[in-house]
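Novice: I have a structure here, written as structure tokens, and I will follow up with some questions on it.
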Amino acid sequence: MECQHCHHTYQDETHPLCPACDLTLTLDPLRLCVWLDPLHASLDATVHPGGHQPTRVNLPNAPTPIRLDVLDLLDTIDATARAMWRRLEGVDALDWRRDAPAATSLRRSLMDISGHPRLTLLADAGMWLDSLDRLCALTLAIIDIPDRPKPIGHCPNPLCGVQLNAIDGQGKVTCPVCGGEWHVADVRLALLESLAGSERLLTLAECARLLGECGYHVTRKQLQHRRDRGLLTPQTNDSKGRQLFRVRDVMATLPARFDAAPGWGR
């Protein structure tokens, strides 16, 4: 028999879904049940998951008090849960109490649907699984903000040299121009070696940002404390009066131990 969802063949004539999809159909309502609280918390349009980090999104217009997309998603989840419960229990216009579990609360409704004995026996179980998977994906897109790629250096290909980006914990990166695949640690090491032998002058904020690309966890305030203790000496000032420091001098004040990527010396 062919599964309605993944289209794999399996040996069972009573279930329209394979065992793996049966399990997903049972767990999806529970996932939505667990994600209801963070989803309700996301209704506040003034909440920015990024806080005051550089990756924070600044909207061009003032936000509304409530995120309408989150409100619409909650309504869709509620409507889907009610429809699934009526599909499982049937609709009796003369006995409204048969719809009572779906009318109590959305959380209770999702839990009852997950444990219903007829859930995996529905003839249209594949359609319901598609709907639940879509709702789970929409929910995760709201409550789970993915990591944004950060600059790690330039492509080692001498004919390319474009800037490469990677997220934290990523082992390899593919160049979008030449298509070359490189280890993130190698790209950062090349950037680190170029900085160690250069006479480049930057402000402390620029040094902190550039060293962060190499894997050092250092902030501008930490570098300012080193300057105030006499460990760093400015070389000159720019046109705006900001102090400029040699990057290699800043690197000399940092500990030899740094966290750049798995496999680097610690």
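Labels used: A, B, ... for chains in the order of the structure tokens, numbers from 1 for residues in each chain, and numbers from 1 for ligands as shown.
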Mind the document's chain letters and residue numbers, and return as a PyMOL selection string the residues of stretch 55-220 of chain A that DSSP labels strand (DSSP E or B).
Specialist: chain A and resi 66+150-154+163-166+172-174+181-183+201-202
Novice: May I ask which of the residues A:Asp44, A:Asp112, A:Asp130, A:Asp168 is the closest one to A:Leu88, counting only C-alpha atoms?
Specialist: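 Of all the options, A:Asp112 lies closest to A:Leu88.
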Novice: Residues near A:Ile143, anyone? I mean within 10 Å using only C-alpha atoms, not counting same-chain ones fewer than 5 positions away, as a ChimeraX atom specification.
Specialist: /A:35-42,49,70,138
Novice: Which residue, A:Asp238, A:Asp133, A:Asp28, A:Glu213, has the smallest gap to A:Leu119 when you use only C-alpha atoms?
Specialist: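 Counting only C-alpha atoms, the residue closest to A:Leu119 is A:Asp28.
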Novice: Just want the 12 Å neighbourhood of A:Asp12, counted on only C-alpha atoms, with same-chain residues fewer than 6 positions away dropped. Output as a list in words.
Specialist: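 Listed by chain and then number, they are Met1, Glu2, Cys3, Cys18, Pro19, Asp22 and Leu121 of chain A.
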Novice: I'd like the contact shell of stretch 186-198 of chain A - 8 Å cut-off, only C-alpha atoms, skipping same-chain residues fewer than 6 positions apart - returned as an mmCIF file with C-alpha atoms, in the first residue's frame.
Specialist:
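Result went into out_8.cif, see below:
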```
data_model
loop_
_atom_site.group_PDB
_atom_site.id
_atom_site.type_symbol
_atom_site.label_atom_id
_atom_site.label_comp_id
_atom_site.auth_asym_id
_atom_site.auth_seq_id
_atom_site.Cartn_x
_atom_site.Cartn_y
_atom_site.Cartn_z
ATOM 1 C CA ILE A 152 34.041 34.911 8.291
ATOM 2 C CA GLY A 153 36.549 36.171 5.708
ATOM 3 C CA HIS A 154 37.168 36.030 1.978
ATOM 4 C CA CYS A 155 37.106 33.142 -0.451
ATOM 5 C CA PRO A 156 40.582 31.505 -0.552
ATOM 6 C CA GLU A 213 34.809 37.409 12.217
ATOM 7 C CA CYS A 214 38.028 35.557 13.076
ATOM 8 C CA GLY A 215 36.415 33.787 16.010
ATOM 9 C CA VAL A 247 44.917 45.465 14.495
ATOM 10 C CA ARG A 248 48.011 43.385 15.216
ATOM 11 C CA MET A 251 45.526 40.967 18.736
ATOM 12 C CA ALA A 260 36.432 30.068 16.294
#
```
Novice: Which is closer to A:Asp69 than all the others in A:Cys178, A:Leu110, A:Leu17, A:Ile142, using only C-alpha atoms?
Specialist: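 For A:Asp69, the nearest of the candidates is A:Ile142.
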Novice: Select, from A:Gly212, A:Trp128, A:His7, A:Leu202, the residue with the minimum atom-to-atom distance to A:Gln243, counting only C-alpha atoms.
Specialist: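 For A:Gln243, the nearest of the given residues is A:Leu202.
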Novice: I'd like the contact shell of A:Gly126 - 10 Å cut-off, only C-alpha atoms, skipping same-chain residues fewer than 4 positions apart - returned as number ranges by chain.
Specialist: A: 3-6, 16-17, 21-22, 25, 120, 122, 130-132
